[in-house]
file model31.pdb (PDB, C-alpha atoms)
MODEL        1
ATOM      1  CA  MET B   1     -17.867   9.138  32.312
ATOM      2  CA  TYR B   2     -18.929  11.559  29.570
ATOM      3  CA  GLY B   3     -21.584  12.988  31.895
ATOM      4  CA  TRP B   4     -18.924  13.561  34.541
ATOM      5  CA  ILE B   5     -16.651  15.341  32.055
ATOM      6  CA  TRP B   6     -19.534  17.486  30.808
ATOM      7  CA  ARG B   7     -20.486  18.492  34.351
ATOM      8  CA  HIS B   8     -16.898  19.511  35.105
ATOM      9  CA  LEU B   9     -16.475  21.679  32.016
ATOM     10  CA  PRO B  10     -16.497  25.338  33.071
ATOM     11  CA  GLY B  11     -18.494  28.157  31.572
ATOM     12  CA  PRO B  12     -21.848  28.566  29.871
ATOM     13  CA  PHE B  13     -23.303  26.071  27.354
ATOM     14  CA  ALA B  14     -21.637  27.546  24.268
ATOM     15  CA  VAL B  15     -18.196  27.518  25.900
ATOM     16  CA  ARG B  16     -18.709  23.940  27.062
ATOM     17  CA  VAL B  17     -19.616  22.838  23.519
ATOM     18  CA  ALA B  18     -16.479  24.544  22.188
ATOM     19  CA  THR B  19     -14.249  22.984  24.861
ATOM     20  CA  ALA B  20     -15.778  19.556  24.270
ATOM     21  CA  THR B  21     -15.184  19.832  20.509
ATOM     22  CA  VAL B  22     -11.551  20.764  21.066
ATOM     23  CA  LEU B  23     -11.150  17.829  23.449
ATOM     24  CA  VAL B  24     -12.658  15.375  20.918
ATOM     25  CA  LEU B  25     -10.458  16.699  18.097
ATOM     26  CA  GLY B  26      -7.426  16.457  20.344
ATOM     27  CA  VAL B  27      -8.128  12.821  21.132
ATOM     28  CA  VAL B  28      -8.709  12.029  17.435
ATOM     29  CA  ALA B  29      -5.428  13.719  16.480
ATOM     30  CA  LEU B  30      -3.573  11.839  19.211
ATOM     31  CA  LEU B  31      -4.985   8.542  17.889
ATOM     32  CA  MET B  32      -4.315   9.334  14.210
ATOM     33  CA  PHE B  33      -0.790  10.662  14.517
ATOM     34  CA  VAL B  34       0.647   8.899  17.543
ATOM     35  CA  VAL B  35      -1.282   5.816  18.635
ATOM     36  CA  PHE B  36      -2.304   4.301  15.280
ATOM     37  CA  PRO B  37       1.102   4.624  13.579
ATOM     38  CA  TRP B  38       2.608   2.963  16.636
ATOM     39  CA  VAL B  39       0.067   0.124  16.830
ATOM     40  CA  GLU B  40      -0.158  -0.569  13.131
ATOM     41  CA  PRO B  41       3.070  -2.538  12.527
ATOM     42  CA  MET B  42       1.982  -4.994  15.220
ATOM     43  CA  LEU B  43      -1.275  -5.857  13.438
ATOM     44  CA  PRO B  44      -1.510  -8.506  10.721
ATOM     45  CA  PHE B  45      -3.093  -6.437   7.941
ATOM     46  CA  ASN B  46      -0.446  -5.198   5.648
ATOM     47  CA  GLU B  47       2.430  -7.624   5.266
ATOM     48  CA  VAL B  48       3.153  -7.659   1.558
ATOM     49  CA  THR B  49       6.535  -9.334   1.305
ATOM     50  CA  THR B  50       7.473 -12.983   1.309
ATOM     51  CA  GLN B  51      10.151 -14.240   3.627
TER      52      GLN B  51
ATOM     53  CA  MET C  52     -47.910  31.572  45.634
ATOM     54  CA  GLY C  53     -45.959  30.802  42.511
ATOM     55  CA  THR C  54     -42.696  30.549  44.392
ATOM     56  CA  VAL C  55     -44.150  28.304  47.007
ATOM     57  CA  GLU C  56     -45.607  26.060  44.334
ATOM     58  CA  GLU C  57     -42.277  25.873  42.528
ATOM     59  CA  ILE C  58     -40.396  24.985  45.662
ATOM     60  CA  GLY C  59     -43.037  22.388  46.439
ATOM     61  CA  ALA C  60     -42.733  20.971  42.910
ATOM     62  CA  ASP C  61     -38.955  20.832  43.156
ATOM     63  CA  GLU C  62     -39.176  19.004  46.407
ATOM     64  CA  ASN C  63     -41.595  16.519  44.894
ATOM     65  CA  VAL C  64     -39.518  15.781  41.785
ATOM     66  CA  GLN C  65     -35.938  15.917  43.008
ATOM     67  CA  PRO C  66     -35.718  13.654  46.043
ATOM     68  CA  PRO C  67     -36.082  10.314  44.162
ATOM     69  CA  GLU C  68     -33.335  11.209  41.642
ATOM     70  CA  PRO C  69     -30.123  11.617  43.639
ATOM     71  CA  PRO C  70     -30.156   8.099  45.113
ATOM     72  CA  GLN C  71     -30.534   6.624  41.569
ATOM     73  CA  ARG C  72     -27.709   8.700  40.195
ATOM     74  CA  ARG C  73     -25.354   7.755  42.996
ATOM     75  CA  SER C  74     -26.212   4.060  42.883
ATOM     76  CA  PRO C  75     -22.829   2.340  42.341
ATOM     77  CA  VAL C  76     -24.357  -0.386  40.144
ATOM     78  CA  ARG C  77     -25.944   2.158  37.846
ATOM     79  CA  MET C  78     -22.710   4.119  37.663
ATOM     80  CA  THR C  79     -20.640   1.048  36.864
ATOM     81  CA  VAL C  80     -22.988  -0.201  34.147
ATOM     82  CA  ARG C  81     -23.143   3.221  32.591
ATOM     83  CA  THR C  82     -19.359   3.632  32.578
ATOM     84  CA  ILE C  83     -18.823   0.188  31.066
ATOM     85  CA  GLY C  84     -21.372   0.986  28.377
ATOM     86  CA  GLU C  85     -19.686   4.269  27.579
ATOM     87  CA  LEU C  86     -16.282   2.593  27.423
ATOM     88  CA  LEU C  87     -17.585  -0.062  25.007
ATOM     89  CA  ILE C  88     -19.070   2.585  22.727
ATOM     90  CA  THR C  89     -15.751   4.442  22.888
ATOM     91  CA  VAL C  90     -13.788   1.319  21.913
ATOM     92  CA  GLY C  91     -16.161   0.798  18.975
ATOM     93  CA  LEU C  92     -15.615   4.359  17.791
ATOM     94  CA  VAL C  93     -11.830   4.012  18.121
ATOM     95  CA  VAL C  94     -11.882   0.831  16.007
ATOM     96  CA  LEU C  95     -13.952   2.590  13.335
ATOM     97  CA  LEU C  96     -11.498   5.458  13.431
ATOM     98  CA  PHE C  97      -8.638   3.002  12.952
ATOM     99  CA  VAL C  98     -10.284   1.604   9.822
ATOM    100  CA  ALA C  99     -10.631   5.134   8.468
ATOM    101  CA  TYR C 100      -6.963   5.732   9.311
ATOM    102  CA  GLU C 101      -5.806   2.524   7.641
ATOM    103  CA  VAL C 102      -7.799   2.984   4.439
ATOM    104  CA  TYR C 103      -7.779   6.766   3.919
ATOM    105  CA  VAL C 104      -5.344   8.642   6.144
ATOM    106  CA  THR C 105      -2.330   6.448   5.324
ATOM    107  CA  ASP C 106      -3.210   6.991   1.646
ATOM    108  CA  TRP C 107      -2.914  10.761   2.003
ATOM    109  CA  ILE C 108       0.338  10.515   3.924
ATOM    110  CA  SER C 109       1.839   8.085   1.410
ATOM    111  CA  ALA C 110       0.673  10.142  -1.579
ATOM    112  CA  GLY C 111       2.764  13.048  -0.294
ATOM    113  CA  LYS C 112       5.820  10.854   0.273
ATOM    114  CA  GLN C 113       5.473   9.248  -3.170
ATOM    115  CA  ARG C 114       5.246  12.723  -4.749
ATOM    116  CA  ASP C 115       8.465  13.747  -3.000
ATOM    117  CA  ALA C 116      10.262  10.558  -4.084
ATOM    118  CA  THR C 117       9.160  11.076  -7.713
ATOM    119  CA  ALA C 118      10.258  14.714  -7.641
ATOM    120  CA  ALA C 119      13.678  13.683  -6.273
ATOM    121  CA  LEU C 120      14.069  11.064  -9.012
ATOM    122  CA  ASP C 121      13.030  13.542 -11.721
ATOM    123  CA  ARG C 122      15.652  15.998 -10.462
ATOM    124  CA  GLU C 123      18.326  13.298 -10.613
ATOM    125  CA  TRP C 124      17.384  12.239 -14.122
ATOM    126  CA  LYS C 125      17.790  15.845 -15.291
ATOM    127  CA  GLN C 126      21.420  15.928 -14.142
ATOM    128  CA  PRO C 127      24.022  15.410 -16.861
ATOM    129  CA  PRO C 128      24.733  11.692 -17.407
ATOM    130  CA  SER C 129      28.476  12.170 -16.922
ATOM    131  CA  THR C 130      28.281  12.718 -13.156
ATOM    132  CA  THR C 131      29.480   9.788 -11.130
ATOM    133  CA  GLU C 132      26.224   9.830  -9.212
ATOM    134  CA  ALA C 133      24.265   9.359 -12.434
ATOM    135  CA  GLN C 134      26.623   6.610 -13.586
ATOM    136  CA  ARG C 135      26.176   4.790 -10.312
ATOM    137  CA  LYS C 136      22.377   4.998 -10.515
ATOM    138  CA  ALA C 137      22.332   3.903 -14.155
ATOM    139  CA  HIS C 138      24.034   0.685 -13.122
ATOM    140  CA  PHE C 139      21.939   0.335  -9.957
ATOM    141  CA  GLN C 140      25.070   0.344  -7.833
ATOM    142  CA  GLY C 141      25.117   1.184  -4.159
ATOM    143  CA  LEU C 142      21.441   2.030  -3.921
ATOM    144  CA  LYS C 143      20.507   2.970  -0.385
ATOM    145  CA  GLU C 144      17.385   1.801   1.421
ATOM    146  CA  GLY C 145      14.436   3.931   0.373
ATOM    147  CA  GLU C 146      16.221   5.486  -2.628
ATOM    148  CA  GLY C 147      14.034   5.782  -5.758
ATOM    149  CA  PHE C 148      15.605   4.416  -8.958
ATOM    150  CA  ALA C 149      12.841   3.568 -11.449
ATOM    151  CA  LYS C 150       9.223   4.273 -12.296
ATOM    152  CA  MET C 151       6.594   1.708 -13.114
ATOM    153  CA  TYR C 152       3.494   2.124 -15.245
ATOM    154  CA  VAL C 153       0.575  -0.197 -15.961
ATOM    155  CA  PRO C 154      -1.175   1.233 -19.033
ATOM    156  CA  ALA C 155      -4.142  -1.108 -18.452
ATOM    157  CA  PHE C 156      -4.816   0.731 -15.188
ATOM    158  CA  GLY C 157      -4.874   4.120 -16.914
ATOM    159  CA  ALA C 158      -2.352   6.820 -17.763
ATOM    160  CA  ASP C 159      -2.301   8.091 -14.184
ATOM    161  CA  TYR C 160      -1.020   4.784 -12.812
ATOM    162  CA  ARG C 161       2.623   5.505 -12.119
ATOM    163  CA  PHE C 162       4.783   4.825  -9.101
ATOM    164  CA  THR C 163       8.397   5.430  -8.263
ATOM    165  CA  ILE C 164      10.049   2.174  -7.204
ATOM    166  CA  LEU C 165      12.412   2.412  -4.262
ATOM    167  CA  GLU C 166      15.211   0.203  -3.039
ATOM    168  CA  GLY C 167      14.341  -2.155  -0.181
ATOM    169  CA  THR C 168      11.198  -3.584   1.361
ATOM    170  CA  THR C 169      11.195  -2.245   4.915
ATOM    171  CA  GLU C 170       7.959  -0.878   6.351
ATOM    172  CA  SER C 171       9.083   2.728   6.011
ATOM    173  CA  THR C 172      10.132   2.238   2.370
ATOM    174  CA  LEU C 173       6.871   0.550   1.382
ATOM    175  CA  GLU C 174       5.023   3.504   2.895
ATOM    176  CA  VAL C 175       6.489   5.628   0.110
ATOM    177  CA  GLY C 176       5.904   3.276  -2.806
ATOM    178  CA  PRO C 177       6.625  -0.155  -4.274
ATOM    179  CA  GLY C 178       9.922  -1.537  -2.951
ATOM    180  CA  HIS C 179      12.556  -3.633  -4.710
ATOM    181  CA  TYR C 180      13.594  -6.822  -2.912
ATOM    182  CA  LYS C 181      17.268  -6.350  -2.116
ATOM    183  CA  GLY C 182      19.367  -9.096  -3.628
ATOM    184  CA  THR C 183      17.040  -9.740  -6.560
ATOM    185  CA  ALA C 184      17.901  -8.560 -10.052
ATOM    186  CA  TYR C 185      17.337  -5.077 -11.438
ATOM    187  CA  PRO C 186      15.370  -4.450 -14.650
ATOM    188  CA  GLY C 187      17.105  -6.259 -17.470
ATOM    189  CA  PRO C 188      17.323  -9.340 -19.662
ATOM    190  CA  THR C 189      18.411 -11.674 -16.862
ATOM    191  CA  GLY C 190      17.211 -12.430 -13.361
ATOM    192  CA  ASN C 191      14.018 -11.720 -11.497
ATOM    193  CA  PHE C 192      13.220  -8.066 -10.753
ATOM    194  CA  ALA C 193      11.017  -8.477  -7.657
ATOM    195  CA  VAL C 194       8.924  -5.679  -6.195
ATOM    196  CA  ALA C 195       6.587  -5.597  -3.179
ATOM    197  CA  GLY C 196       3.742  -3.123  -2.703
ATOM    198  CA  HIS C 197       0.820  -2.415  -0.410
ATOM    199  CA  ARG C 198      -2.640  -3.501  -1.439
ATOM    200  CA  VAL C 199      -4.677  -1.542   1.113
ATOM    201  CA  GLY C 200      -3.780   1.922   2.374
ATOM    202  CA  LYS C 201      -0.266   3.443   2.135
ATOM    203  CA  GLY C 202      -1.038   4.528  -1.418
ATOM    204  CA  ALA C 203      -2.082   0.944  -2.255
ATOM    205  CA  PRO C 204       0.043   0.716  -5.411
ATOM    206  CA  PHE C 205      -0.800  -2.962  -5.876
ATOM    207  CA  ASN C 206      -4.493  -2.662  -4.987
ATOM    208  CA  ASP C 207      -5.675  -4.061  -8.318
ATOM    209  CA  ILE C 208      -2.883  -6.339  -9.469
ATOM    210  CA  ASP C 209      -5.262  -9.303  -9.145
ATOM    211  CA  LEU C 210      -7.036  -7.759 -12.158
ATOM    212  CA  LEU C 211      -3.932  -7.896 -14.381
ATOM    213  CA  GLU C 212      -4.629 -10.153 -17.360
ATOM    214  CA  SER C 213      -2.001 -12.154 -19.160
ATOM    215  CA  CYS C 214      -0.177 -10.006 -21.762
ATOM    216  CA  ASP C 215      -0.968  -6.756 -19.892
ATOM    217  CA  ALA C 216       2.089  -4.529 -19.988
ATOM    218  CA  ILE C 217       4.057  -3.450 -16.930
ATOM    219  CA  VAL C 218       6.421  -0.749 -18.120
ATOM    220  CA  VAL C 219       9.498   0.105 -16.066
ATOM    221  CA  GLU C 220      11.363   3.325 -16.804
ATOM    222  CA  THR C 221      14.915   3.904 -15.673
ATOM    223  CA  ARG C 222      17.179   6.844 -16.385
ATOM    224  CA  ASP C 223      18.179   5.658 -19.851
ATOM    225  CA  THR C 224      15.866   2.808 -20.729
ATOM    226  CA  TRP C 225      12.287   1.587 -20.987
ATOM    227  CA  PHE C 226      11.679  -2.054 -20.041
ATOM    228  CA  VAL C 227       8.371  -3.563 -21.144
ATOM    229  CA  TYR C 228       7.269  -6.621 -19.197
ATOM    230  CA  ARG C 229       4.100  -8.568 -19.967
ATOM    231  CA  VAL C 230       2.150 -10.774 -17.570
ATOM    232  CA  LEU C 231       2.702 -14.476 -18.289
ATOM    233  CA  PRO C 232      -0.199 -16.848 -19.154
ATOM    234  CA  LYS C 233      -2.300 -17.852 -16.186
ATOM    235  CA  ASP C 234      -2.920 -21.429 -15.070
ATOM    236  CA  ASP C 235      -6.071 -21.987 -17.134
ATOM    237  CA  GLU C 236      -4.589 -20.398 -20.256
ATOM    238  CA  VAL C 237      -1.411 -22.421 -20.593
ATOM    239  CA  SER C 238      -2.886 -25.308 -22.553
ATOM    240  CA  GLY C 239      -3.874 -24.076 -25.992
ATOM    241  CA  TRP C 240      -1.983 -20.811 -25.607
ATOM    242  CA  ALA C 241      -0.408 -20.863 -29.063
ATOM    243  CA  ALA C 242      -3.776 -21.436 -30.776
ATOM    244  CA  GLY C 243      -5.763 -19.216 -28.419
ATOM    245  CA  LYS C 244      -4.856 -16.029 -26.632
ATOM    246  CA  GLY C 245      -1.234 -16.265 -27.735
ATOM    247  CA  LYS C 246      -2.296 -15.183 -31.233
ATOM    248  CA  ARG C 247      -3.245 -11.686 -30.147
ATOM    249  CA  ALA C 248      -0.896  -8.934 -31.256
ATOM    250  CA  ARG C 249      -0.439  -7.789 -27.677
ATOM    251  CA  CYS C 250       0.808 -11.245 -26.668
ATOM    252  CA  LYS C 251       3.794 -11.160 -29.018
ATOM    253  CA  GLY C 252       6.754 -12.474 -27.059
ATOM    254  CA  VAL C 253       4.559 -13.948 -24.320
ATOM    255  CA  ALA C 254       4.240 -17.713 -24.067
ATOM    256  CA  PRO C 255       4.414 -20.338 -21.352
ATOM    257  CA  LEU C 256       8.101 -20.514 -20.457
ATOM    258  CA  GLY C 257      10.140 -23.672 -20.940
ATOM    259  CA  GLY C 258      13.102 -25.325 -19.287
ATOM    260  CA  GLN C 259      13.565 -24.498 -15.637
ATOM    261  CA  TYR C 260      10.758 -21.957 -15.882
ATOM    262  CA  THR C 261       7.986 -24.402 -16.898
ATOM    263  CA  GLN C 262       6.006 -23.866 -13.710
ATOM    264  CA  VAL C 263       6.018 -20.073 -13.690
ATOM    265  CA  ARG C 264       2.523 -18.622 -14.206
ATOM    266  CA  GLY C 265       1.189 -15.098 -14.606
ATOM    267  CA  GLN C 266      -0.549 -15.189 -11.259
ATOM    268  CA  GLU C 267      -0.322 -17.338  -8.153
ATOM    269  CA  ILE C 268      -1.388 -17.238  -4.532
ATOM    270  CA  VAL C 269       1.132 -18.567  -2.033
ATOM    271  CA  LEU C 270       1.829 -18.698   1.669
ATOM    272  CA  PRO C 271       3.856 -15.840   3.184
ATOM    273  CA  SER C 272       6.723 -18.292   3.723
ATOM    274  CA  GLU C 273       7.188 -18.874  -0.049
ATOM    275  CA  GLY C 274      10.229 -16.653  -0.350
ATOM    276  CA  SER C 275      11.235 -18.562  -3.480
ATOM    277  CA  VAL C 276       8.740 -16.649  -5.655
ATOM    278  CA  VAL C 277      11.346 -13.916  -5.943
ATOM    279  CA  ALA C 278      14.185 -16.330  -6.778
ATOM    280  CA  THR C 279      15.960 -16.063 -10.142
ATOM    281  CA  VAL C 280      13.841 -19.024 -11.259
ATOM    282  CA  PRO C 281      10.693 -18.787  -9.119
ATOM    283  CA  HIS C 282      10.209 -21.815  -6.846
ATOM    284  CA  LYS C 283      13.565 -23.271  -7.883
ATOM    285  CA  ASP C 284      16.782 -23.279  -5.950
ATOM    286  CA  VAL C 285      18.928 -23.101  -9.079
ATOM    287  CA  VAL C 286      20.595 -20.192 -10.802
ATOM    288  CA  PRO C 287      21.051 -21.026 -14.496
ATOM    289  CA  PRO C 288      23.914 -19.440 -16.431
ATOM    290  CA  PRO C 289      22.949 -15.947 -17.628
ATOM    291  CA  ASP C 290      22.387 -17.007 -21.236
ATOM    292  CA  GLN C 291      19.689 -19.434 -20.082
ATOM    293  CA  GLN C 292      17.978 -16.940 -17.799
ATOM    294  CA  VAL C 293      14.784 -15.113 -18.654
ATOM    295  CA  GLY C 294      14.173 -11.510 -17.669
ATOM    296  CA  LEU C 295      11.319 -11.685 -15.185
ATOM    297  CA  MET C 296       9.477  -9.154 -13.076
ATOM    298  CA  THR C 297       7.633 -10.338  -9.967
ATOM    299  CA  LEU C 298       5.087  -8.322  -7.982
ATOM    300  CA  THR C 299       4.092  -9.384  -4.468
ATOM    301  CA  THR C 300       1.317  -8.075  -2.238
ATOM    302  CA  CYS C 301      -0.996  -9.314   0.500
ATOM    303  CA  ASN C 302      -3.990 -11.543  -0.135
ATOM    304  CA  PRO C 303      -6.906 -11.441   0.487
ATOM    305  CA  LYS C 304      -7.294  -7.702   0.956
ATOM    306  CA  PHE C 305      -7.025  -6.626   4.607
ATOM    307  CA  SER C 306      -5.251  -9.873   5.511
ATOM    308  CA  ASP C 307      -1.733 -11.203   5.642
ATOM    309  CA  ARG C 308      -2.770 -14.829   5.419
ATOM    310  CA  GLN C 309      -1.443 -15.263   1.875
ATOM    311  CA  ARG C 310       0.504 -13.439  -0.804
ATOM    312  CA  LEU C 311      -0.688 -12.595  -4.289
ATOM    313  CA  ILE C 312       2.104 -12.959  -6.821
ATOM    314  CA  VAL C 313       2.247 -11.731 -10.424
ATOM    315  CA  HIS C 314       5.026 -12.860 -12.764
ATOM    316  CA  ALA C 315       5.767 -10.987 -15.987
ATOM    317  CA  VAL C 316       8.342 -11.557 -18.706
ATOM    318  CA  LEU C 317      10.539  -8.963 -20.420
ATOM    319  CA  VAL C 318       9.466  -8.598 -24.053
ATOM    320  CA  HIS C 319      10.894  -5.261 -25.168
ATOM    321  CA  VAL C 320      13.800  -3.017 -24.192
ATOM    322  CA  ILE C 321      13.920   0.487 -25.647
ATOM    323  CA  SER C 322      16.825   2.843 -25.147
ATOM    324  CA  LYS C 323      15.693   6.418 -24.605
ATOM    325  CA  ASP C 324      18.317   7.446 -27.176
ATOM    326  CA  ASP C 325      16.221   5.717 -29.844
ATOM    327  CA  LEU C 326      13.151   7.771 -29.049
ATOM    328  CA  ALA C 327      12.524  11.445 -29.695
ATOM    329  CA  PRO C 328      12.766  13.523 -26.506
ATOM    330  CA  GLY C 329       9.550  13.093 -24.558
ATOM    331  CA  GLN C 330       8.341  10.281 -26.805
ATOM    332  CA  LEU C 331       6.800   7.302 -25.002
ATOM    333  CA  PRO C 332       6.973   3.648 -26.028
ATOM    334  CA  ASP C 333       3.920   2.445 -27.967
ATOM    335  CA  GLU C 334       3.062   0.080 -25.125
ATOM    336  CA  MET C 335       2.232   3.079 -22.934
ATOM    337  CA  LYS C 336      -0.804   3.812 -25.129
ATOM    338  CA  GLU C 337      -2.459   0.449 -24.483
ATOM    339  CA  SER C 338      -5.534   0.327 -22.347
TER     340      SER C 338
ENDMDL
END
call {"tool": "encode", "arguments": {"input": "model31.pdb", "output": "structure tokens"}}
result
Amino acid sequence: MYGWIWRHLPGPFAVRVATATVLVLGVVALLMFVVFPWVEPMLPFNEVTTQ
Amino acid sequence: MGTVEEIGADENVQPPEPPQRRSPVRMTVRTIGELLITVGLVVLLFVAYEVYVTDWISAGKQRDATAALDREWKQPPSTTEAQRKAHFQGLKEGEGFAKMYVPAFGADYRFTILEGTTESTLEVGPGHYKGTAYPGPTGNFAVAGHRVGKGAPFNDIDLLESCDAIVVETRDTWFVYRVLPKDDEVSGWAAGKGKRARCKGVAPLGGQYTQVRGQEIVLPSEGSVVATVPHKDVVPPPDQQVGLMTLTTCNPKFSDRQRLIVHAVLVHVISKDDLAPGQLPDEMKES
């Protein structure tokens, strides 16, 4: 999977490294700001009130 | 010669490789392996998010809430808005109305308490259980707070000792609560820890309140810990009520299996009019 992505990145080595870094950061940002905040309320970690 | 040799070498090395690379079994195993490593990294990232990133986000929100409350407290007391707040009337969900301090946790331990206990309110700071009392000589002022991430205001409340002060500041008044004796301290309180100067006004409660302790661990379903008389379904007449403050958070850390509860009793009320401007109650200097 990662090998396939790497082989399909265009340009010379340096450009590929830069593109790959941007891709990784993009995925991390998507997880941190969209996916995790959405998933979190459904997980049993942080209920602090009594019913 | 060199070129011929190179071509020959290429031909010798390359042919065995392509079939291996295209083998569907090899491809499948490799992809599954990569996916598993990815899932592991995502889970690690989630832990980092939960413990650190939510802290940063909440710190900003708490700062904004405190700044908004400070602005309100600077307004002249005659405005209807100020009057309403002073009597805790019509507080909206997520609206800050008081600050809490625990001198034992250091001078930098301060949080603005907001109205309500929804997820988005608790992200900003400790939240007041709607329907429970406000700071004062009667009723149970109950507050929930996160223990891990989201600013973790109640991270260390398991370390609160009996007689430790929890100071609540409102627009006009300071309320000093002290943690009640714990289970193993109740017998022999008067002759033991109860003699300390700091424990003045703190003693095992009587009457309806006999079973209330400084700290307890309960199931999430024990909603009665925030009742006027914790664990009791009775509301005594106001003159028989004790001013309590109750903190609730999750227990153990990183779990919602139980709730950690701290009960404190009101021992001192100081009007800000009786203090010089900017002067803090003596209890704030404890450590």
call {"tool": "interface_residues", "arguments": {"input": "model31.pdb", "of": "chain B", "to": "chain C", "cutoff": "6 Å", "atoms": "all atoms listed in the file", "output": "ChimeraX atom specification"}}
result
/B:1,44-45,47-51
call {"tool": "residues_near_point", "arguments": {"input": "model31.pdb", "point": "(-3.2, 5.6, 20.1)", "cutoff": "12 Å", "atoms": "all atoms listed in the file", "output": "PDB file with C-alpha atoms, keeping the file's coordinate frame"}}
result
ATOM      1  CA  GLY B  26      -7.426  16.457  20.344  1.00  0.00           C
ATOM      2  CA  VAL B  27      -8.128  12.821  21.132  1.00  0.00           C
ATOM      3  CA  VAL B  28      -8.709  12.029  17.435  1.00  0.00           C
ATOM      4  CA  ALA B  29      -5.428  13.719  16.480  1.00  0.00           C
ATOM      5  CA  LEU B  30      -3.573  11.839  19.211  1.00  0.00           C
ATOM      6  CA  LEU B  31      -4.985   8.542  17.889  1.00  0.00           C
ATOM      7  CA  MET B  32      -4.315   9.334  14.210  1.00  0.00           C
ATOM      8  CA  PHE B  33      -0.790  10.662  14.517  1.00  0.00           C
ATOM      9  CA  VAL B  34       0.647   8.899  17.543  1.00  0.00           C
ATOM     10  CA  VAL B  35      -1.282   5.816  18.635  1.00  0.00           C
ATOM     11  CA  PHE B  36      -2.304   4.301  15.280  1.00  0.00           C
ATOM     12  CA  PRO B  37       1.102   4.624  13.579  1.00  0.00           C
ATOM     13  CA  TRP B  38       2.608   2.963  16.636  1.00  0.00           C
ATOM     14  CA  VAL B  39       0.067   0.124  16.830  1.00  0.00           C
ATOM     15  CA  GLU B  40      -0.158  -0.569  13.131  1.00  0.00           C
TER      16      GLU B  40
ATOM     17  CA  VAL C  90     -13.788   1.319  21.913  1.00  0.00           C
ATOM     18  CA  VAL C  93     -11.830   4.012  18.121  1.00  0.00           C
ATOM     19  CA  VAL C  94     -11.882   0.831  16.007  1.00  0.00           C
ATOM     20  CA  LEU C  96     -11.498   5.458  13.431  1.00  0.00           C
ATOM     21  CA  PHE C  97      -8.638   3.002  12.952  1.00  0.00           C
ATOM     22  CA  TYR C 100      -6.963   5.732   9.311  1.00  0.00           C
TER      23      TYR C 100
END
call {"tool": "resolve_selection", "arguments": {"input": "model31.pdb", "expression": "the PyMOL selection byres ((chain C and resi 252) around 9)", "output": "PyMOL selection string"}}
result
chain C and resi 229+245+249-251+253-254+316-319
call {"tool": "resolve_selection", "arguments": {"input": "model31.pdb", "expression": "the PyMOL selection byres ((chain C and resi 186) around 10)", "output": "number ranges by chain"}}
result
C: 139, 149, 183-185, 187-193, 219-221, 224-228, 294-296, 317, 320
call {"tool": "atom_distance", "arguments": {"input": "model31.pdb", "atom1": "atom CA of Ile108 of chain C", "atom2": "atom CA of Gly202 of chain C"}}
result
8.1 Å
call {"tool": "residues_around", "arguments": {"input": "model31.pdb", "residues": "Lys143 of chain C", "least_positions_apart": "6", "cutoff": "12 Å", "atoms": "all atoms listed in the file", "output": "PDB file with C-alpha atoms, keeping the file's coordinate frame"}}
result
ATOM      1  CA  ARG C 135      26.176   4.790 -10.312  1.00  0.00           C
ATOM      2  CA  LYS C 136      22.377   4.998 -10.515  1.00  0.00           C
ATOM      3  CA  LEU C 165      12.412   2.412  -4.262  1.00  0.00           C
ATOM      4  CA  GLU C 166      15.211   0.203  -3.039  1.00  0.00           C
ATOM      5  CA  GLY C 167      14.341  -2.155  -0.181  1.00  0.00           C
ATOM      6  CA  THR C 168      11.198  -3.584   1.361  1.00  0.00           C
ATOM      7  CA  THR C 169      11.195  -2.245   4.915  1.00  0.00           C
ATOM      8  CA  THR C 172      10.132   2.238   2.370  1.00  0.00           C
ATOM      9  CA  GLY C 178       9.922  -1.537  -2.951  1.00  0.00           C
ATOM     10  CA  HIS C 179      12.556  -3.633  -4.710  1.00  0.00           C
ATOM     11  CA  LYS C 181      17.268  -6.350  -2.116  1.00  0.00           C
TER      12      LYS C 181
END
call {"tool": "atom_distance", "arguments": {"input": "model31.pdb", "atom1": "atom CA of Lys112 of chain C", "atom2": "atom CA of His314 of chain C"}}
result
27.1 Å
call {"tool": "atom_distance", "arguments": {"input": "model31.pdb", "atom1": "atom CA of Gln113 of chain C", "atom2": "atom CA of Val175 of chain C"}}
result
5.0 Å
call {"tool": "closest_residue", "arguments": {"input": "model31.pdb", "among": "C:Ala116, C:Ile164, C:Val285, C:Ala241", "to": "Tyr260 of chain C", "atoms": "all atoms listed in the file"}}
result
C:Val285
call {"tool": "axis_aligned_box", "arguments": {"input": "model31.pdb", "around": "segment 24-43 of chain B", "padding_each_side": "3 Å", "output": "AutoDock Vina command-line options"}}
result
--center_x -4.8 --center_y 5.4 --center_z 16.8 --size_x 21.7 --size_y 28.6 --size_z 14.6
call {"tool": "resolve_selection", "arguments": {"input": "model31.pdb", "expression": "the PyMOL selection byres ((chain B and resi 5) around 12)", "output": "list of chain:residue names"}}
result
B:Met1, B:Tyr2, B:Gly3, B:Trp4, B:Trp6, B:Arg7, B:His8, B:Leu9, B:Pro10, B:Arg16, B:Val17, B:Thr19, B:Ala20, B:Leu23, B:Val24
call {"tool": "residues_around", "arguments": {"input": "model31.pdb", "residues": "segment 210-213 of chain C", "least_positions_apart": "5", "cutoff": "9 Å", "atoms": "all atoms listed in the file", "output": "tab-separated table (two decimals) with C-alpha atoms, in the frame of the given file"}}
result
chain	number	residue	atom	x	y	z
C	155	ALA	CA	-4.14	-1.11	-18.45
C	156	PHE	CA	-4.82	0.73	-15.19
C	229	ARG	CA	4.10	-8.57	-19.97
C	230	VAL	CA	2.15	-10.77	-17.57
C	231	LEU	CA	2.70	-14.48	-18.29
C	232	PRO	CA	-0.20	-16.85	-19.15
C	233	LYS	CA	-2.30	-17.85	-16.19
C	236	GLU	CA	-4.59	-20.40	-20.26
C	244	LYS	CA	-4.86	-16.03	-26.63
C	250	CYS	CA	0.81	-11.24	-26.67
C	253	VAL	CA	4.56	-13.95	-24.32
C	265	GLY	CA	1.19	-15.10	-14.61
C	266	GLN	CA	-0.55	-15.19	-11.26
C	313	VAL	CA	2.25	-11.73	-10.42
C	315	ALA	CA	5.77	-10.99	-15.99
